[in-house]
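This is start_38.csv. It holds CSV, C-alpha atoms and all ligand atoms.
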chain,number,residue,atom,x,y,z
A,1,MET,CA,-3.2,125.6,169.2
A,2,LYS,CA,0.3,125.4,167.7
A,3,LYS,CA,1.8,127.0,170.8
A,4,GLN,CA,0.0,124.5,173.0
A,5,LEU,CA,1.4,121.6,170.9
A,6,LEU,CA,4.9,123.0,171.2
A,7,ASN,CA,4.5,123.4,175.0
A,8,MET,CA,3.3,119.8,175.1
A,9,ARG,CA,6.4,118.7,173.1
A,10,ASP,CA,8.6,120.6,175.5
A,11,SER,CA,6.9,119.0,178.5
A,12,ILE,CA,7.3,115.5,177.0
A,13,ALA,CA,11.0,116.1,176.5
A,14,THR,CA,11.3,117.3,180.1
A,15,ALA,CA,9.5,114.2,181.3
A,16,ARG,CA,11.8,112.0,179.3
A,17,THR,CA,14.8,113.8,180.7
A,18,LEU,CA,13.6,113.2,184.2
A,19,ASN,CA,12.9,109.5,183.3
A,20,GLU,CA,16.4,109.1,181.9
A,21,ALA,CA,17.9,110.6,185.1
A,22,LEU,CA,16.2,108.0,187.3
A,23,PRO,CA,19.1,105.5,187.4
A,24,TYR,CA,21.5,108.3,188.3
A,25,LEU,CA,19.2,109.7,190.9
A,26,GLN,CA,19.0,106.2,192.4
A,27,ARG,CA,22.8,105.7,192.2
A,28,TYR,CA,23.6,109.0,194.0
A,29,SER,CA,20.9,109.0,196.6
A,30,GLY,CA,22.6,109.6,199.9
A,31,ALA,CA,26.0,110.2,198.2
A,32,THR,CA,28.4,112.9,199.5
A,33,VAL,CA,29.7,115.2,196.8
A,34,VAL,CA,32.3,117.8,197.4
A,35,VAL,CA,32.3,120.6,194.8
A,36,LYS,CA,35.3,122.9,194.5
A,37,PHE,CA,34.1,126.2,193.0
A,38,GLY,CA,37.1,128.1,191.8
A,39,GLY,CA,37.3,131.9,191.5
A,40,ASN,CA,37.8,131.6,187.7
A,41,ALA,CA,34.7,129.4,187.4
A,42,MET,CA,32.5,131.9,189.3
A,43,GLY,CA,31.8,134.3,186.5
A,44,ASP,CA,28.9,136.7,186.5
A,45,ASP,CA,25.6,136.7,188.6
A,46,ASP,CA,23.9,134.4,186.1
A,47,ALA,CA,26.6,131.8,186.3
A,48,MET,CA,26.5,132.1,190.1
A,49,GLU,CA,22.7,131.6,190.1
A,50,GLU,CA,23.0,128.6,187.8
A,51,PHE,CA,25.7,127.0,190.0
A,52,ALA,CA,23.5,127.6,193.1
A,53,GLN,CA,20.5,125.9,191.4
A,54,ASP,CA,22.6,122.9,190.6
A,55,ILE,CA,23.7,122.6,194.2
A,56,VAL,CA,20.2,123.0,195.5
A,57,PHE,CA,19.0,120.4,193.0
A,58,MET,CA,21.6,117.9,194.3
A,59,ARG,CA,20.4,118.5,197.9
A,60,GLN,CA,16.8,118.2,196.9
A,61,VAL,CA,17.3,114.7,195.3
A,62,GLY,CA,19.0,113.4,198.4
A,63,LEU,CA,22.7,114.0,197.9
A,64,ASN,CA,24.9,115.7,200.5
A,65,PRO,CA,26.7,118.5,198.6
A,66,VAL,CA,29.6,120.5,200.2
A,67,VAL,CA,30.9,123.5,198.4
A,68,VAL,CA,34.5,124.4,198.9
A,69,HIS,CA,35.4,127.7,197.1
A,70,GLY,CA,38.4,129.6,195.9
A,71,GLY,CA,38.5,133.3,195.0
A,72,GLY,CA,42.0,133.9,193.8
A,73,PRO,CA,41.0,136.7,191.3
A,74,MET,CA,38.9,138.4,194.0
A,75,ILE,CA,41.9,138.4,196.4
A,76,ASN,CA,44.1,139.8,193.6
A,77,SER,CA,41.7,142.6,193.1
A,78,LEU,CA,41.6,143.8,196.8
A,79,LEU,CA,45.4,143.3,197.2
A,80,ALA,CA,45.9,145.6,194.2
A,81,LYS,CA,43.5,148.2,195.6
A,82,LEU,CA,45.4,148.2,198.8
A,83,GLY,CA,48.8,148.4,197.0
A,84,ILE,CA,50.0,145.0,198.3
A,85,LYS,CA,52.2,143.1,195.8
A,86,SER,CA,51.5,139.4,195.5
A,87,GLU,CA,53.4,136.5,193.9
A,88,PHE,CA,52.8,132.8,193.3
A,89,LEU,CA,55.3,130.0,193.8
A,90,ARG,CA,54.4,126.6,192.3
A,91,GLY,CA,50.8,127.6,192.1
A,92,LYS,CA,50.4,128.9,195.6
A,93,ARG,CA,50.3,132.5,196.8
A,94,ILE,CA,53.3,133.7,198.9
A,95,THR,CA,51.3,134.9,201.9
A,96,ASP,CA,52.8,137.3,204.5
A,97,ALA,CA,51.0,138.7,207.6
A,98,ALA,CA,49.3,141.6,205.7
A,99,THR,CA,48.2,139.3,202.8
A,100,VAL,CA,46.7,136.6,205.0
A,101,GLU,CA,44.4,139.3,206.5
A,102,VAL,CA,43.1,140.3,203.1
A,103,VAL,CA,42.8,136.6,202.1
A,104,GLU,CA,40.6,135.9,205.1
A,105,MET,CA,38.5,139.0,204.6
A,106,VAL,CA,37.9,138.2,200.9
A,107,LEU,CA,37.3,134.4,201.2
A,108,SER,CA,35.5,134.1,204.5
A,109,GLY,CA,33.6,137.4,203.9
A,110,LEU,CA,32.9,138.5,200.4
A,111,VAL,CA,33.1,135.3,198.4
A,112,ASN,CA,31.7,132.9,201.0
A,113,LYS,CA,28.7,135.0,201.7
A,114,ARG,CA,28.0,135.6,198.0
A,115,ILE,CA,27.8,131.9,197.4
A,116,VAL,CA,25.7,131.3,200.6
A,117,GLN,CA,23.3,134.0,199.5
A,118,ALA,CA,23.0,132.6,196.0
A,119,ILE,CA,22.2,129.1,197.3
A,120,ASN,CA,19.6,130.5,199.8
A,121,ASP,CA,18.1,132.6,196.9
A,122,ALA,CA,17.7,129.3,194.9
A,123,GLY,CA,15.7,127.8,197.8
A,124,GLY,CA,18.4,125.9,199.6
A,125,ARG,CA,19.7,126.3,203.2
A,126,ALA,CA,23.4,127.2,203.0
A,127,VAL,CA,25.7,128.0,206.0
A,128,GLY,CA,29.1,129.5,205.3
A,129,ILE,CA,32.1,128.4,207.5
A,130,SER,CA,35.8,128.3,207.1
A,131,GLY,CA,38.4,125.8,208.1
A,132,LYS,CA,38.5,127.5,211.5
A,133,ASP,CA,34.9,126.7,212.4
A,134,ASP,CA,34.8,123.8,214.9
A,135,ASP,CA,38.5,123.3,213.9
A,136,LEU,CA,37.4,121.7,210.6
A,137,MET,CA,40.8,121.8,209.1
A,138,VAL,CA,43.9,122.4,211.3
A,139,CYS,CA,47.0,123.1,209.3
A,140,ASP,CA,50.8,123.1,209.5
A,141,TYR,CA,53.0,125.4,207.5
A,142,ASP,CA,53.1,124.1,203.9
A,143,ASP,CA,56.6,125.4,203.0
A,144,PRO,CA,58.8,128.0,204.7
A,145,GLU,CA,59.1,129.9,201.4
A,146,LEU,CA,55.3,130.4,201.2
A,147,GLY,CA,54.7,132.1,204.6
A,148,PHE,CA,51.2,131.6,206.0
A,149,VAL,CA,50.1,129.0,203.5
A,150,GLY,CA,48.6,126.0,205.3
A,151,ARG,CA,48.9,122.2,204.6
A,152,PRO,CA,45.8,120.4,206.1
A,153,ARG,CA,46.9,118.1,208.9
A,154,ASP,CA,43.9,117.3,211.2
A,155,MET,CA,40.5,117.1,209.6
A,156,ARG,CA,37.4,117.3,211.8
A,157,VAL,CA,34.5,116.8,209.4
A,158,GLN,CA,31.9,116.0,212.0
A,159,VAL,CA,30.6,119.6,211.7
A,160,LEU,CA,29.8,118.9,208.0
A,161,ARG,CA,27.9,115.7,208.8
A,162,ASP,CA,26.0,117.6,211.5
A,163,LEU,CA,25.0,120.2,208.9
A,164,PHE,CA,24.0,117.5,206.4
A,165,SER,CA,21.8,115.8,209.0
A,166,VAL,CA,19.6,118.9,209.3
A,167,GLY,CA,19.4,119.6,205.6
A,168,ILE,CA,22.0,122.4,205.5
A,169,ILE,CA,24.5,122.8,202.6
A,170,PRO,CA,27.9,123.7,204.0
A,171,VAL,CA,29.9,126.3,202.1
A,172,VAL,CA,33.6,126.3,203.1
A,173,ALA,CA,36.2,129.0,202.7
A,174,PRO,CA,39.8,127.7,202.5
A,175,VAL,CA,41.1,129.6,205.5
A,176,ALA,CA,42.3,127.6,208.4
A,177,PRO,CA,43.8,127.7,211.9
A,178,GLY,CA,47.3,126.6,213.0
A,179,ASP,CA,48.4,125.3,216.4
A,180,ASN,CA,49.7,128.6,217.6
A,181,GLY,CA,47.0,131.1,216.7
A,182,GLU,CA,48.1,131.4,213.1
A,183,THR,CA,45.6,132.0,210.3
A,184,PHE,CA,46.6,130.0,207.2
A,185,ASN,CA,45.7,130.6,203.5
A,186,VAL,CA,45.0,127.2,201.9
A,187,ASN,CA,44.8,126.6,198.2
A,188,GLY,CA,41.2,125.9,197.3
A,189,ASP,CA,41.9,122.7,195.5
A,190,THR,CA,44.0,121.4,198.4
A,191,ALA,CA,41.3,122.2,200.9
A,192,ALA,CA,38.6,120.5,198.7
A,193,GLY,CA,40.7,117.4,198.4
A,194,ALA,CA,41.4,117.2,202.1
A,195,ILE,CA,37.7,117.6,202.9
A,196,ALA,CA,36.6,115.1,200.3
A,197,GLY,CA,39.2,112.6,201.6
A,198,ALA,CA,38.2,113.0,205.2
A,199,LEU,CA,34.5,112.6,204.3
A,200,GLN,CA,35.3,109.5,202.1
A,201,ALA,CA,33.2,111.4,199.5
A,202,ASP,CA,31.7,109.5,196.5
A,203,ARG,CA,32.7,112.3,194.2
A,204,LEU,CA,35.0,115.4,194.2
A,205,LEU,CA,34.1,117.8,191.4
A,206,LEU,CA,36.8,120.3,190.6
A,207,LEU,CA,34.9,123.1,188.7
A,208,THR,CA,37.3,125.1,186.6
A,209,ASP,CA,37.5,127.1,183.4
A,210,VAL,CA,39.2,124.5,181.2
A,211,ALA,CA,37.8,121.6,179.2
A,212,GLY,CA,39.6,118.9,181.3
A,213,VAL,CA,42.8,116.9,181.1
A,214,LYS,CA,44.1,116.8,177.5
A,215,ASP,CA,46.2,114.2,175.7
A,216,ALA,CA,49.3,114.9,173.6
A,217,GLU,CA,47.0,115.8,170.7
A,218,GLY,CA,45.1,118.3,172.8
A,219,GLU,CA,41.9,116.2,173.0
A,220,VAL,CA,40.1,116.0,176.3
A,221,ILE,CA,40.5,112.6,178.0
A,222,THR,CA,37.0,111.8,179.4
A,223,GLN,CA,38.2,108.9,181.8
A,224,LEU,CA,41.6,108.1,183.1
A,225,THR,CA,43.2,106.0,185.9
A,226,THR,CA,45.5,107.3,188.6
A,227,GLN,CA,48.3,105.4,186.8
A,228,GLU,CA,47.6,107.2,183.5
A,229,VAL,CA,47.6,110.5,185.4
A,230,ARG,CA,51.1,109.7,186.7
A,231,ASP,CA,52.4,108.6,183.3
A,232,LEU,CA,51.0,111.7,181.5
A,233,THR,CA,52.6,113.9,184.1
A,234,GLU,CA,55.9,112.2,183.8
A,235,GLN,CA,55.7,112.6,180.0
A,236,GLY,CA,55.0,116.3,180.5
A,237,VAL,CA,51.5,116.1,178.8
A,238,ILE,CA,49.9,117.1,182.1
A,239,SER,CA,51.6,120.4,183.0
A,240,GLY,CA,51.2,123.9,184.4
A,241,GLY,CA,47.9,124.8,186.1
A,242,MET,CA,46.5,121.3,185.7
A,243,ILE,CA,49.2,119.8,188.0
A,244,PRO,CA,47.7,121.1,191.3
A,245,LYS,CA,44.3,119.7,190.2
A,246,THR,CA,45.6,116.2,189.2
A,247,GLU,CA,47.7,116.1,192.4
A,248,THR,CA,44.6,116.9,194.5
A,249,ALA,CA,42.8,114.2,192.6
A,250,LEU,CA,45.5,111.6,193.2
A,251,MET,CA,45.7,112.4,196.9
A,252,ALA,CA,41.9,112.4,197.3
A,253,ILE,CA,41.6,109.0,195.7
A,254,GLU,CA,44.4,107.6,197.8
A,255,GLN,CA,42.4,108.8,200.9
A,256,GLY,CA,39.3,106.9,199.7
A,257,VAL,CA,37.3,109.3,197.4
A,258,ARG,CA,35.7,107.1,194.8
A,259,ALA,CA,36.3,109.4,191.8
A,260,VAL,CA,37.4,112.9,191.0
A,261,VAL,CA,36.1,114.9,188.0
A,262,ILE,CA,38.0,117.9,186.6
A,263,LEU,CA,34.9,119.6,185.3
A,264,ASP,CA,34.4,122.4,182.8
A,265,GLY,CA,32.4,125.0,184.7
A,266,ARG,CA,31.9,127.1,181.6
A,267,ILE,CA,29.3,124.5,180.4
A,268,GLN,CA,25.8,125.2,181.5
A,269,ASN,CA,24.6,123.1,184.5
A,270,ALA,CA,28.0,121.3,184.5
A,271,CYS,CA,27.3,119.6,187.8
A,272,LEU,CA,23.9,118.2,186.8
A,273,LEU,CA,25.3,117.1,183.4
A,274,GLU,CA,28.1,115.2,185.1
A,275,LEU,CA,26.1,113.5,187.8
A,276,PHE,CA,22.7,112.8,186.2
A,277,THR,CA,23.3,112.2,182.5
A,278,ASP,CA,25.4,110.0,180.2
A,279,HIS,CA,27.4,113.0,179.1
A,280,GLY,CA,30.2,114.1,181.4
A,281,ALA,CA,31.7,117.5,181.0
A,282,GLY,CA,35.4,117.0,181.8
A,283,SER,CA,37.8,114.3,182.9
A,284,LEU,CA,36.9,111.6,185.4
A,285,ILE,CA,39.8,110.1,187.4
A,286,ARG,CA,39.5,106.9,189.4
A,287,SER,CA,41.9,104.2,190.7
B,1,LIG,C1,44.6,130.7,197.3
B,1,LIG,C2,43.3,130.6,197.9
B,1,LIG,C3,42.1,130.9,196.9
B,1,LIG,C4,42.0,129.9,195.8
B,1,LIG,C5,45.0,132.2,196.9
B,1,LIG,O1,45.5,132.9,197.8
B,1,LIG,O2,44.7,132.6,195.8
B,1,LIG,C6,46.8,129.9,197.9
B,1,LIG,O3,47.3,130.0,196.8
B,1,LIG,P1,41.1,129.8,193.3
B,1,LIG,O4,40.1,130.8,192.7
B,1,LIG,O5,40.5,128.4,193.5
B,1,LIG,O6,42.4,129.8,192.6
B,1,LIG,N1,45.6,130.2,198.2
B,1,LIG,C7,47.7,129.3,199.0
B,1,LIG,O7,42.5,128.8,195.8
B,1,LIG,O8,41.3,130.4,194.8

Spell out the structure here as structure tokens.
Ligand code: X2W
Amino acid sequence: MKKQLLNMRDSIATARTLNEALPYLQRYSGATVVVKFGGNAMGDDDAMEEFAQDIVFMRQVGLNPVVVHGGGPMINSLLAKLGIKSEFLRGKRITDAATVEVVEMVLSGLVNKRIVQAINDAGGRAVGISGKDDDLMVCDYDDPELGFVGRPRDMRVQVLRDLFSVGIIPVVAPVAPGDNGETFNVNGDTAAGAIAGALQADRLLLLTDVAGVKDAEGEVITQLTTQEVRDLTEQGVISGGMIPKTETALMAIEQGVRAVVILDGRIQNACLLELFTDHGAGSLIRS
């Protein structure tokens, strides 16, 4: 009897949670949400399963989610096994011809298919592609010092819309073609920003392993404008690894993305918490 009562209480709490989510479900119905899933946020199989469930939930309630993933730590690990040295310059991997082959194998192969499989196991329909498929993201050389690192130039996002229209969740590896047969390695945040911009997405969620943008006292700032981001960067408060993320956010918003959230992927069900409850889990940036 006591157990039954407890179960009833749990169920009532669940029903209330669903009820409280209604305005958010209504607000985001039909919205396009690009989720950048970084290598550092991927964690173990349980974290992957939970992420996949969040994405399937989003699709189930009428959103159009697109996953753009990273995989930096996984690339490092295979490069080390192969004895290939690797260095970063201003947050991007210096990528020679041998490295770009490893990058494509790891991102388009191992990491992309692990995410696709997790989403399918959670009951969704995921299809994995890279920037090469249907020429989704044609790139120029980013910087001569970086080798085969791509800067997105021409975005052809129709393939993503075609996948949405039949209920498929696209999972995109940040590997892209150049004009002359090159394969480019693209920073995952950069790729997610370019895709979100081209889709005019309602939200870009940058899932990472930090709590968000912090102020001078080290407190997380839950909401900030693009101007505040510029000011804090000038003051040196936003620095280091946060800069590529805030730069991606500014560029995406300039291209028409409504808001960007730098989201703490270590928190359980971070995507659901951000989209469907009053409690965000990071820093929301908008114009
Ligand atoms: C990245 C691509 C993967 C990535 C790299 O080679 O590591 C460049 O730096 P995370 O896990 O999101 O860091 N590309 C040009 O962005 O992975």

Nearest to ligand LIG 1 (chain B) among A:Cys139, A:Val220, A:Met58, A:Met42, with distances taken over all atoms listed in the file: which residue is it?
A:Met42

Which protein, DNA or RNA residues have an atom at most 6 Å from (53.7, 133.3, 199.7), counting all atoms listed in the file? List them as a VMD selection string.
chain A and resid 93 to 95 146 to 147

Writing out the chosen residues with C-alpha atoms as a compact mmCIF listing (two decimals), in the coordinates of the input:
# COMPACT_ATOMS: atom_id res chain seq x y z
CA ARG A 93 50.30 132.50 196.80
CA ILE A 94 53.30 133.70 198.90
CA THR A 95 51.30 134.90 201.90
CA LEU A 146 55.30 130.40 201.20
CA GLY A 147 54.70 132.10 204.60

One decimal, in Å: what's the spacing between atom CA of A:Thr190 and atom CA of A:Lys113?
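Separation of atom CA of A:Thr190 and atom CA of A:Lys113: 20.7 Å.
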
Please provide as a PDB file with C-alpha atoms, keeping the file's coordinate frame all residues within 12 Å of A:Gly70, with the sequence filter that same-chain residues fewer than 2 positions apart are discarded (counting all atoms listed in the file).
ATOM      1  CA  VAL A  35      32.300 120.600 194.800  1.00  0.00           C
ATOM      2  CA  LYS A  36      35.300 122.900 194.500  1.00  0.00           C
ATOM      3  CA  PHE A  37      34.100 126.200 193.000  1.00  0.00           C
ATOM      4  CA  GLY A  38      37.100 128.100 191.800  1.00  0.00           C
ATOM      5  CA  GLY A  39      37.300 131.900 191.500  1.00  0.00           C
ATOM      6  CA  ASN A  40      37.800 131.600 187.700  1.00  0.00           C
ATOM      7  CA  ALA A  41      34.700 129.400 187.400  1.00  0.00           C
ATOM      8  CA  MET A  42      32.500 131.900 189.300  1.00  0.00           C
ATOM      9  CA  VAL A  67      30.900 123.500 198.400  1.00  0.00           C
ATOM     10  CA  VAL A  68      34.500 124.400 198.900  1.00  0.00           C
ATOM     11  CA  GLY A  72      42.000 133.900 193.800  1.00  0.00           C
ATOM     12  CA  PRO A  73      41.000 136.700 191.300  1.00  0.00           C
ATOM     13  CA  MET A  74      38.900 138.400 194.000  1.00  0.00           C
ATOM     14  CA  ILE A  75      41.900 138.400 196.400  1.00  0.00           C
ATOM     15  CA  ASN A  76      44.100 139.800 193.600  1.00  0.00           C
ATOM     16  CA  VAL A 103      42.800 136.600 202.100  1.00  0.00           C
ATOM     17  CA  GLU A 104      40.600 135.900 205.100  1.00  0.00           C
ATOM     18  CA  VAL A 106      37.900 138.200 200.900  1.00  0.00           C
ATOM     19  CA  LEU A 107      37.300 134.400 201.200  1.00  0.00           C
ATOM     20  CA  SER A 108      35.500 134.100 204.500  1.00  0.00           C
ATOM     21  CA  LEU A 110      32.900 138.500 200.400  1.00  0.00           C
ATOM     22  CA  VAL A 111      33.100 135.300 198.400  1.00  0.00           C
ATOM     23  CA  ASN A 112      31.700 132.900 201.000  1.00  0.00           C
ATOM     24  CA  ILE A 115      27.800 131.900 197.400  1.00  0.00           C
ATOM     25  CA  SER A 130      35.800 128.300 207.100  1.00  0.00           C
ATOM     26  CA  VAL A 171      29.900 126.300 202.100  1.00  0.00           C
ATOM     27  CA  VAL A 172      33.600 126.300 203.100  1.00  0.00           C
ATOM     28  CA  ALA A 173      36.200 129.000 202.700  1.00  0.00           C
ATOM     29  CA  PRO A 174      39.800 127.700 202.500  1.00  0.00           C
ATOM     30  CA  VAL A 175      41.100 129.600 205.500  1.00  0.00           C
ATOM     31  CA  ASN A 185      45.700 130.600 203.500  1.00  0.00           C
ATOM     32  CA  VAL A 186      45.000 127.200 201.900  1.00  0.00           C
ATOM     33  CA  ASN A 187      44.800 126.600 198.200  1.00  0.00           C
ATOM     34  CA  GLY A 188      41.200 125.900 197.300  1.00  0.00           C
ATOM     35  CA  ASP A 189      41.900 122.700 195.500  1.00  0.00           C
ATOM     36  CA  THR A 190      44.000 121.400 198.400  1.00  0.00           C
ATOM     37  CA  ALA A 191      41.300 122.200 200.900  1.00  0.00           C
ATOM     38  CA  ALA A 192      38.600 120.500 198.700  1.00  0.00           C
ATOM     39  CA  LEU A 206      36.800 120.300 190.600  1.00  0.00           C
ATOM     40  CA  LEU A 207      34.900 123.100 188.700  1.00  0.00           C
ATOM     41  CA  THR A 208      37.300 125.100 186.600  1.00  0.00           C
TER      42      THR A 208
END

Give the answer as one residue: which of A:Ala176, A:Val166, A:Ala21, A:Ala13 has the shortest atom-to-atom distance to ligand LIG 1 (chain B), using all atoms listed in the file?
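Among the listed residues, the smallest separation from ligand LIG 1 (chain B) belongs to A:Ala176.
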
Of the candidates A:Glu145, A:Asp45, A:Asp179, A:Glu50, which shows the shortest atom-to-atom distance to ligand LIG 1 (chain B), using only C-alpha atoms and all ligand atoms?
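For ligand LIG 1 (chain B), the nearest of the given residues is A:Glu145.
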
Gap from atom CA of A:Leu263 to atom CA of A:Gly131 - Å, one decimal:
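According to the coordinates, atom CA of A:Leu263 and atom CA of A:Gly131 are separated by 23.9 Å.
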
Just how far from atom CA of A:Asp278 is atom CA of A:Leu250, in Å to one decimal?
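Atom CA of A:Asp278 lies at a distance of 24.0 Å from atom CA of A:Leu250.
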
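Minimum atom-to-atom distance to A:Ala259, evaluated using all atoms listed in the file, belongs to A:Gly193 out of A:Gly241, A:Gly193, A:Gly236, A:Gly109.
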
Distance cut-off 10 Å, centre (33.1, 111.7, 196.8) in file coordinates, counting only C-alpha atoms: which residues qualify? Return them as an mmCIF file with C-alpha atoms, in the frame of the given file.
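Once written, part-v6.cif looks like this:
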data_model
loop_
_atom_site.group_PDB
_atom_site.id
_atom_site.type_symbol
_atom_site.label_atom_id
_atom_site.label_comp_id
_atom_site.auth_asym_id
_atom_site.auth_seq_id
_atom_site.Cartn_x
_atom_site.Cartn_y
_atom_site.Cartn_z
ATOM 1 C CA ALA A 31 26.000 110.200 198.200
ATOM 2 C CA THR A 32 28.400 112.900 199.500
ATOM 3 C CA VAL A 33 29.700 115.200 196.800
ATOM 4 C CA VAL A 34 32.300 117.800 197.400
ATOM 5 C CA VAL A 35 32.300 120.600 194.800
ATOM 6 C CA ASN A 64 24.900 115.700 200.500
ATOM 7 C CA PRO A 65 26.700 118.500 198.600
ATOM 8 C CA GLY A 193 40.700 117.400 198.400
ATOM 9 C CA ILE A 195 37.700 117.600 202.900
ATOM 10 C CA ALA A 196 36.600 115.100 200.300
ATOM 11 C CA GLY A 197 39.200 112.600 201.600
ATOM 12 C CA ALA A 198 38.200 113.000 205.200
ATOM 13 C CA LEU A 199 34.500 112.600 204.300
ATOM 14 C CA GLN A 200 35.300 109.500 202.100
ATOM 15 C CA ALA A 201 33.200 111.400 199.500
ATOM 16 C CA ASP A 202 31.700 109.500 196.500
ATOM 17 C CA ARG A 203 32.700 112.300 194.200
ATOM 18 C CA LEU A 204 35.000 115.400 194.200
ATOM 19 C CA LEU A 205 34.100 117.800 191.400
ATOM 20 C CA ALA A 252 41.900 112.400 197.300
ATOM 21 C CA ILE A 253 41.600 109.000 195.700
ATOM 22 C CA GLY A 256 39.300 106.900 199.700
ATOM 23 C CA VAL A 257 37.300 109.300 197.400
ATOM 24 C CA ARG A 258 35.700 107.100 194.800
ATOM 25 C CA ALA A 259 36.300 109.400 191.800
ATOM 26 C CA VAL A 260 37.400 112.900 191.000
ATOM 27 C CA VAL A 261 36.100 114.900 188.000
#

Between A:Val102, A:Met155, A:Ile221, A:Ile119, which residue has the minimum interatomic distance to ligand LIG 1 (chain B), considering only C-alpha atoms and all ligand atoms?
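Among the listed residues, the smallest separation from ligand LIG 1 (chain B) belongs to A:Val102.
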
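Counting only C-alpha atoms and all ligand atoms, the residue from A:Asp121, A:Asp46, A:Asp215, A:Glu101 that sits nearest to ligand LIG 1 (chain B) is A:Glu101.
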